[in-house]
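S.K.: Mind having a look at this structure? Questions to follow.
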Amino acid sequence: MYRGLLSLIIVFILTSLALAKGEDKILQALIYEEHGQFQKACDIYTNLFHENNESIYLQKALLLALSANLKQKDELLKASKDFLEHTAIARLNALYFFEIGDYKQAEAILYKLIKEEQDYRNYEILGDIFAKKALYTKALEQYNLAYKLFEHENLLLKIVEINIKNKNINQAKKALEEFVKNSQCTFKTCTLLLKIYQEQKNHKASIQTLGKLYKFNNDIKYIYAMIELLVQEKNYTQALNLTQKYNIDPDTKIFLYTQTKDYKKAYEIALKHYELSKDKKYLSMAGVLEFEIHMDPKSKKVTDPKILASIMKKFEQSVDVRSDALYQNYYGYALIEYDIDIAKGMELVGWALEQESQNLYYLDSLAWGYYKLKDCKKAYEILQKTLHDKEFSSSDESKEHLKVIEKCLKQ
């Protein structure tokens, strides 16, 4: 249970231990540690301590005993009372008292250590005690003192956490930014920074941080998040640049090209992906995009019979009762608008409405179908369901349909 906190305590490197007595035993203990056999390693260090009465072995044994809650923990703690002049052993005692909730004894040891040495760990553990007692201002003071002595990530995260608790978000952000600038973007620091930037709606900084996180672990989700933010800013060109640089799905590429009105490029991607995957969705997309490419800007219609036939063929081959409602309605409306097959068109629009019964565009298509069948009363009743939406009812197509249908009713 002590592993997290006690990782702060120094672990002796091989060269320093090899200079002590019992080199072969020390080497064996190190091997046990490397393989996670902490009880066996601790037994060796404990025996070496009993044989030599040297603090270096007691320190190592006590560290392992506390870290892994080993059987000789109490024995070693008792023995350590005669070695409290050694700061590392005293600090282990402070950590033990902290873990069992005896903050008074832990603080007494730490204040004494602070007078004797300027070691960041003394301030950090004291800060941990204050944080545990919810004395966050005092904890922050100790963490800052520790951080001045040694700028490491765990300390920074503790400082940031308390600043966030105290609603000092900008202070937390400043600390993280300085660490990233002076040290590196780690997963934790940059993730925290990203969260702050997103909450502050700082898209530019968010995008930069997402790029750093991608470099950190090559997870494509960060590129998608960058694209999403760029779309929110309507920066489609930069978003498209990312799709060309990274392995981004065709749907995203098609969407971005449509936003830049480059329907030809979107059409090429849709058709190519249909040929590769045989997914009918992409053939439907190609039909929609082909319509957009060849649509007359004034009449909003495709006037070339050959092109219209090409579009209808794509829809005929790809749209059925299982298709997305968007394509069912698009195909259905085209059949109605061009008087190709009004009954089939209305059936397709009906399928779309089964999926999205309140969709204003689909209701408008259905109304237009009834108008084409000369049932103007039914057309008007359905169209009325769309007029509550000011944005939709203000569109040119809606106004034109309403005008024509109202005129039909008067005849």
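Every chain in the structure tokens has a letter given in the order shown (A, B, ...), and although residue numbers restart at 1 in each chain, ligands are simply numbered from 1 in the order shown.
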Near Ala334 (chain A), within 10 Å and counting only C-alpha atoms, which residues show up once chain neighbours fewer than 2 positions away are dropped, as a list in words?

M.R.: Phe291, Lys301, Leu308, Ile311, Met312, Phe315, Asn329, Tyr330, Tyr331, Gly332, Ile336, Glu337, Tyr338, Asp339, Ile340, Asp341, Ile342, Gly345 and Ser365 of chain A

S.K.: Write the residues of the preceding selection, restricted to all heavy atoms, as a short mmCIF file (atom, residue, chain, number, x, y, z; two decimals), in the first residue's frame.

M.R.:
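result.cif written:
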```
data_model
loop_
_atom_site.label_atom_id
_atom_site.label_comp_id
_atom_site.auth_asym_id
_atom_site.auth_seq_id
_atom_site.Cartn_x
_atom_site.Cartn_y
_atom_site.Cartn_z
N PHE A 291 -25.48 15.29 -58.50
CA PHE A 291 -26.57 16.27 -58.63
C PHE A 291 -26.05 17.68 -58.32
O PHE A 291 -26.33 18.64 -59.05
CB PHE A 291 -27.70 15.90 -57.68
CG PHE A 291 -28.94 16.72 -57.87
CD1 PHE A 291 -29.98 16.29 -58.68
CD2 PHE A 291 -29.08 17.96 -57.25
CE1 PHE A 291 -31.13 17.05 -58.86
CE2 PHE A 291 -30.21 18.74 -57.43
CZ PHE A 291 -31.23 18.29 -58.23
N LYS A 301 -32.05 22.76 -60.52
CA LYS A 301 -32.37 21.49 -61.14
C LYS A 301 -31.25 21.05 -62.07
O LYS A 301 -30.45 21.86 -62.54
CB LYS A 301 -33.67 21.59 -61.95
CG LYS A 301 -34.91 21.78 -61.09
CD LYS A 301 -36.16 21.77 -61.97
CE LYS A 301 -37.42 21.93 -61.12
NZ LYS A 301 -38.65 21.87 -61.96
N LEU A 308 -29.05 13.39 -65.51
CA LEU A 308 -30.15 13.02 -64.61
C LEU A 308 -30.33 11.50 -64.60
O LEU A 308 -30.52 10.90 -63.53
CB LEU A 308 -31.44 13.71 -65.04
CG LEU A 308 -32.66 13.47 -64.13
CD1 LEU A 308 -32.38 13.97 -62.73
CD2 LEU A 308 -33.89 14.15 -64.72
N ILE A 311 -27.64 9.94 -62.50
CA ILE A 311 -27.91 10.11 -61.07
C ILE A 311 -28.97 9.11 -60.61
O ILE A 311 -28.82 8.44 -59.58
CB ILE A 311 -28.37 11.56 -60.78
CG1 ILE A 311 -27.23 12.53 -61.06
CG2 ILE A 311 -28.85 11.68 -59.34
CD1 ILE A 311 -27.65 13.99 -61.07
N MET A 312 -30.07 9.01 -61.38
CA MET A 312 -31.16 8.10 -61.02
C MET A 312 -30.69 6.65 -60.99
O MET A 312 -31.13 5.86 -60.15
CB MET A 312 -32.31 8.25 -62.02
CG MET A 312 -33.04 9.58 -61.96
SD MET A 312 -33.84 9.90 -60.35
CE MET A 312 -32.80 11.20 -59.73
N PHE A 315 -28.96 5.96 -57.72
CA PHE A 315 -29.92 5.81 -56.63
C PHE A 315 -30.67 4.47 -56.75
O PHE A 315 -30.88 3.79 -55.74
CB PHE A 315 -30.93 6.96 -56.65
CG PHE A 315 -30.37 8.26 -56.13
CD1 PHE A 315 -30.73 9.47 -56.73
CD2 PHE A 315 -29.53 8.30 -55.04
CE1 PHE A 315 -30.23 10.67 -56.26
CE2 PHE A 315 -29.02 9.50 -54.55
CZ PHE A 315 -29.38 10.69 -55.17
N ASN A 329 -34.95 9.92 -48.93
CA ASN A 329 -35.68 11.15 -49.23
C ASN A 329 -35.13 11.83 -50.49
O ASN A 329 -35.90 12.33 -51.32
CB ASN A 329 -35.58 12.13 -48.05
CG ASN A 329 -36.26 13.45 -48.35
OD1 ASN A 329 -37.47 13.54 -48.42
ND2 ASN A 329 -35.46 14.50 -48.55
N TYR A 330 -33.81 11.84 -50.63
CA TYR A 330 -33.20 12.51 -51.79
C TYR A 330 -33.66 11.86 -53.09
O TYR A 330 -34.06 12.54 -54.05
CB TYR A 330 -31.68 12.44 -51.67
CG TYR A 330 -30.96 13.60 -52.33
CD1 TYR A 330 -30.45 14.66 -51.58
CD2 TYR A 330 -30.80 13.64 -53.71
CE1 TYR A 330 -29.79 15.72 -52.18
CE2 TYR A 330 -30.15 14.70 -54.32
CZ TYR A 330 -29.64 15.74 -53.55
OH TYR A 330 -29.00 16.80 -54.16
N TYR A 331 -33.60 10.52 -53.10
CA TYR A 331 -34.03 9.78 -54.29
C TYR A 331 -35.54 9.96 -54.51
O TYR A 331 -35.99 10.22 -55.63
CB TYR A 331 -33.67 8.30 -54.11
CG TYR A 331 -34.01 7.41 -55.27
CD1 TYR A 331 -34.07 7.88 -56.58
CD2 TYR A 331 -34.25 6.05 -55.05
CE1 TYR A 331 -34.38 7.03 -57.64
CE2 TYR A 331 -34.55 5.19 -56.10
CZ TYR A 331 -34.62 5.69 -57.40
OH TYR A 331 -34.92 4.85 -58.45
N GLY A 332 -36.29 9.83 -53.42
CA GLY A 332 -37.74 9.97 -53.52
C GLY A 332 -38.16 11.33 -54.04
O GLY A 332 -39.01 11.44 -54.94
N ILE A 336 -40.13 12.47 -57.57
CA ILE A 336 -41.34 13.31 -57.55
C ILE A 336 -41.13 14.59 -58.36
O ILE A 336 -41.95 14.94 -59.22
CB ILE A 336 -41.70 13.67 -56.08
CG1 ILE A 336 -42.10 12.41 -55.31
CG2 ILE A 336 -42.82 14.72 -56.03
CD1 ILE A 336 -42.17 12.60 -53.80
N GLU A 337 -40.03 15.27 -58.09
CA GLU A 337 -39.78 16.58 -58.71
C GLU A 337 -39.69 16.48 -60.23
O GLU A 337 -40.19 17.36 -60.95
CB GLU A 337 -38.48 17.16 -58.14
CG GLU A 337 -38.01 18.45 -58.79
CD GLU A 337 -38.95 19.64 -58.56
OE1 GLU A 337 -39.87 19.52 -57.71
OE2 GLU A 337 -38.76 20.66 -59.22
N TYR A 338 -39.07 15.42 -60.71
CA TYR A 338 -38.88 15.29 -62.16
C TYR A 338 -39.98 14.45 -62.81
O TYR A 338 -39.88 14.09 -63.98
CB TYR A 338 -37.50 14.69 -62.45
CG TYR A 338 -36.37 15.63 -62.10
CD1 TYR A 338 -35.74 15.56 -60.87
CD2 TYR A 338 -35.96 16.62 -62.99
CE1 TYR A 338 -34.71 16.44 -60.52
CE2 TYR A 338 -34.94 17.50 -62.66
CZ TYR A 338 -34.33 17.41 -61.44
OH TYR A 338 -33.31 18.29 -61.10
N ASP A 339 -41.05 14.18 -62.05
CA ASP A 339 -42.21 13.43 -62.56
C ASP A 339 -41.82 12.10 -63.19
O ASP A 339 -42.39 11.66 -64.19
CB ASP A 339 -42.97 14.27 -63.60
CG ASP A 339 -43.54 15.55 -62.99
OD1 ASP A 339 -44.14 15.46 -61.90
OD2 ASP A 339 -43.33 16.63 -63.58
N ILE A 340 -40.82 11.46 -62.57
CA ILE A 340 -40.34 10.18 -63.10
C ILE A 340 -41.23 9.04 -62.61
O ILE A 340 -41.69 8.21 -63.40
CB ILE A 340 -38.87 9.94 -62.69
CG1 ILE A 340 -37.97 11.02 -63.30
CG2 ILE A 340 -38.39 8.55 -63.11
CD1 ILE A 340 -36.55 11.01 -62.80
N ASP A 341 -41.45 9.00 -61.28
CA ASP A 341 -42.33 7.98 -60.69
C ASP A 341 -42.77 8.51 -59.33
O ASP A 341 -42.13 8.24 -58.30
CB ASP A 341 -41.57 6.65 -60.55
CG ASP A 341 -42.48 5.49 -60.15
OD1 ASP A 341 -43.55 5.76 -59.56
OD2 ASP A 341 -42.12 4.33 -60.43
N ILE A 342 -43.87 9.27 -59.35
CA ILE A 342 -44.31 9.96 -58.13
C ILE A 342 -44.69 8.96 -57.04
O ILE A 342 -44.33 9.14 -55.86
CB ILE A 342 -45.50 10.89 -58.45
CG1 ILE A 342 -45.04 12.00 -59.42
CG2 ILE A 342 -46.05 11.52 -57.17
CD1 ILE A 342 -46.17 12.82 -59.99
N GLY A 345 -41.63 7.56 -55.56
CA GLY A 345 -40.96 8.63 -54.82
C GLY A 345 -41.60 8.83 -53.45
O GLY A 345 -40.90 8.97 -52.45
N SER A 365 -41.05 17.02 -48.67
CA SER A 365 -41.03 16.15 -49.84
C SER A 365 -42.37 15.43 -50.01
O SER A 365 -42.90 15.30 -51.13
CB SER A 365 -39.91 15.12 -49.72
OG SER A 365 -38.64 15.74 -49.71
#
```

S.K.: With a distance cut-off of 12 Å and only C-alpha atoms, select the neighbouring residues of Ile31 (chain A), excluding the residue or stretch itself and same-chain residues fewer than 4 positions from it, and output the selection as a ChimeraX atom specification.

M.R.: /A:14,24-27,35-38,40-42,44

S.K.: Would you output that residue set with all heavy atoms, as a compact mmCIF listing (two decimals), in the first residue's frame?

M.R.:
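Result file selection_6.txt:
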```
# COMPACT_ATOMS: atom_id res chain seq x y z
N LEU A 14 23.46 -0.09 -8.35
CA LEU A 14 24.33 -1.25 -8.18
C LEU A 14 25.75 -0.88 -7.76
O LEU A 14 26.33 -1.50 -6.88
CB LEU A 14 24.37 -2.04 -9.49
CG LEU A 14 25.30 -3.25 -9.52
CD1 LEU A 14 24.88 -4.26 -8.48
CD2 LEU A 14 25.28 -3.88 -10.91
N ASP A 24 28.00 -10.43 -3.07
CA ASP A 24 27.23 -11.47 -3.74
C ASP A 24 25.80 -11.50 -3.28
O ASP A 24 24.87 -11.71 -4.07
CB ASP A 24 27.89 -12.84 -3.52
CG ASP A 24 28.05 -13.17 -2.04
OD1 ASP A 24 28.10 -12.21 -1.23
OD2 ASP A 24 28.10 -14.37 -1.70
N LYS A 25 25.59 -11.27 -1.97
CA LYS A 25 24.22 -11.25 -1.44
C LYS A 25 23.44 -10.05 -1.98
O LYS A 25 22.25 -10.15 -2.27
CB LYS A 25 24.27 -11.21 0.09
CG LYS A 25 24.82 -12.47 0.72
CD LYS A 25 24.82 -12.37 2.24
CE LYS A 25 25.38 -13.64 2.88
NZ LYS A 25 25.41 -13.53 4.36
N ILE A 26 24.15 -8.94 -2.09
CA ILE A 26 23.51 -7.73 -2.61
C ILE A 26 23.07 -7.93 -4.06
O ILE A 26 21.97 -7.55 -4.45
CB ILE A 26 24.46 -6.52 -2.51
CG1 ILE A 26 24.72 -6.18 -1.04
CG2 ILE A 26 23.88 -5.31 -3.23
CD1 ILE A 26 25.87 -5.24 -0.81
N LEU A 27 23.96 -8.56 -4.83
CA LEU A 27 23.61 -8.84 -6.22
C LEU A 27 22.38 -9.73 -6.32
O LEU A 27 21.50 -9.53 -7.16
CB LEU A 27 24.79 -9.49 -6.93
CG LEU A 27 25.98 -8.57 -7.24
CD1 LEU A 27 27.17 -9.39 -7.73
CD2 LEU A 27 25.60 -7.53 -8.27
N HIS A 35 12.84 -8.99 -10.30
CA HIS A 35 11.80 -9.96 -10.65
C HIS A 35 10.58 -9.87 -9.73
O HIS A 35 9.70 -10.74 -9.78
CB HIS A 35 12.37 -11.38 -10.63
CG HIS A 35 13.35 -11.66 -11.74
ND1 HIS A 35 14.69 -11.33 -11.65
CD2 HIS A 35 13.17 -12.20 -12.98
CE1 HIS A 35 15.30 -11.67 -12.78
NE2 HIS A 35 14.41 -12.19 -13.61
N GLY A 36 10.53 -8.82 -8.92
CA GLY A 36 9.36 -8.61 -8.07
C GLY A 36 9.27 -9.52 -6.86
O GLY A 36 8.21 -9.61 -6.23
N GLN A 37 10.36 -10.18 -6.53
CA GLN A 37 10.37 -11.07 -5.35
C GLN A 37 10.87 -10.28 -4.13
O GLN A 37 11.97 -10.49 -3.64
CB GLN A 37 11.25 -12.30 -5.63
CG GLN A 37 10.70 -13.18 -6.76
CD GLN A 37 11.61 -14.35 -7.05
OE1 GLN A 37 12.67 -14.20 -7.66
NE2 GLN A 37 11.19 -15.54 -6.62
N PHE A 38 10.00 -9.38 -3.67
CA PHE A 38 10.42 -8.39 -2.67
C PHE A 38 10.68 -9.02 -1.29
O PHE A 38 11.55 -8.55 -0.55
CB PHE A 38 9.37 -7.29 -2.56
CG PHE A 38 9.13 -6.58 -3.86
CD1 PHE A 38 7.87 -6.57 -4.44
CD2 PHE A 38 10.16 -5.96 -4.53
CE1 PHE A 38 7.64 -5.93 -5.65
CE2 PHE A 38 9.96 -5.32 -5.75
CZ PHE A 38 8.69 -5.32 -6.31
N LYS A 40 11.94 -11.99 -0.63
CA LYS A 40 13.28 -12.60 -0.64
C LYS A 40 14.37 -11.54 -0.61
O LYS A 40 15.39 -11.71 0.08
CB LYS A 40 13.43 -13.50 -1.87
CG LYS A 40 12.60 -14.77 -1.81
CD LYS A 40 12.84 -15.65 -3.03
CE LYS A 40 12.05 -16.95 -2.93
NZ LYS A 40 12.27 -17.82 -4.11
N ALA A 41 14.17 -10.46 -1.35
CA ALA A 41 15.16 -9.37 -1.35
C ALA A 41 15.25 -8.74 0.03
O ALA A 41 16.35 -8.48 0.54
CB ALA A 41 14.77 -8.32 -2.38
N CYS A 42 14.07 -8.51 0.64
CA CYS A 42 14.05 -7.90 1.97
C CYS A 42 14.73 -8.80 3.00
O CYS A 42 15.43 -8.31 3.91
CB CYS A 42 12.61 -7.60 2.37
SG CYS A 42 12.46 -6.67 3.90
N ILE A 44 17.23 -10.75 2.56
CA ILE A 44 18.69 -10.61 2.41
C ILE A 44 19.17 -9.32 3.06
O ILE A 44 20.14 -9.31 3.83
CB ILE A 44 19.09 -10.65 0.91
CG1 ILE A 44 18.85 -12.03 0.33
CG2 ILE A 44 20.57 -10.22 0.75
CD1 ILE A 44 19.11 -12.13 -1.16
```

S.K.: Near Glu177 (chain A), within 9 Å and counting only C-alpha atoms, which residues show up once chain neighbours fewer than 6 positions away are dropped, as a PyMOL selection string?

M.R.: chain A and resi 189-190+193

S.K.: Print the selection's residues with C-alpha atoms to a file, as a PDB file, in the first residue's frame.

M.R.:
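The result, stored in selection_32.pdb:
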```pdb
ATOM      1  CA  THR A 189       0.281  17.354 -18.392  1.00  0.00           C
ATOM      2  CA  CYS A 190      -0.962  17.867 -21.944  1.00  0.00           C
ATOM      3  CA  LEU A 193      -3.876  21.456 -20.457  1.00  0.00           C
TER       4      LEU A 193
END
```

S.K.: Rounded to one decimal place, report the CA of Lys221 (chain A)-CA of Leu242 (chain A) distance in Å.

M.R.: 12.4 Å

S.K.: Run DSSP on the backbone and tell me which residues of region 203-348 of chain A come out as alpha helix (DSSP H); list them as a ChimeraX atom specification.

M.R.: /A:203-217,221-232,236-245,250-259,263-277,280-294,305-318,325-337,342-348

S.K.: Between CA of Ile405 (chain A) and CA of Ala379 (chain A), measure the distance and give it in Å to one decimal.

M.R.: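 Separating CA of Ile405 (chain A) from CA of Ala379 (chain A) is a distance of 7.1 Å.
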
S.K.: Counting only C-alpha atoms, what is within 12 Å of Asp119 (chain A), bar same-chain residues fewer than 6 positions away, as a list in words?

M.R.: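 Skipping anything fewer than 6 positions along the chain leaves Leu8, Ile9, Ile10, Thr87, Ala88, Arg91, Leu110, Tyr111, Lys112, Leu113, Ile125, Leu126, Gln142, Tyr143, Leu145, Ala146, Tyr147, Lys148, Leu149 and Phe150 of chain A.
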
S.K.: When you look at region 382-394 of chain A with a cut-off of 12 Å (counting only C-alpha atoms), what residues show up, excluding the ones that are within fewer than 2 positions of it in the same chain? I need them as a ChimeraX atom specification.

M.R.: /A:357-371,375-380,396-406

S.K.: Provide the CA of Ala239 (chain A) to CA of Ile254 (chain A) distance in Å, to one decimal place.

M.R.: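 Between CA of Ala239 (chain A) and CA of Ile254 (chain A) the gap is 11.8 Å.
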
S.K.: Need the shell around region 155-172 of chain A: protein/DNA/RNA residues with any atom at most 12 Å away, counting only C-alpha atoms. Skip same-chain ones fewer than 6 positions apart. Format as JSON, numbers by chain?

M.R.: {"A": [5, 8, 120, 121, 123, 124, 125, 127, 128, 130, 131, 132, 134, 135, 136, 137, 138, 139, 140, 141, 142, 143, 144, 145, 146, 147, 148, 149, 178, 179, 180, 183, 186, 187, 188, 189, 190, 191, 192, 193, 195, 196, 197, 199, 200]}

S.K.: Between A:Lys181, A:Lys234, A:Lys372, A:Lys272, which has the minimum distance to Lys212 (chain A) (counting only C-alpha atoms)?

M.R.: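 For Lys212 (chain A), the nearest of the candidates is A:Lys181.
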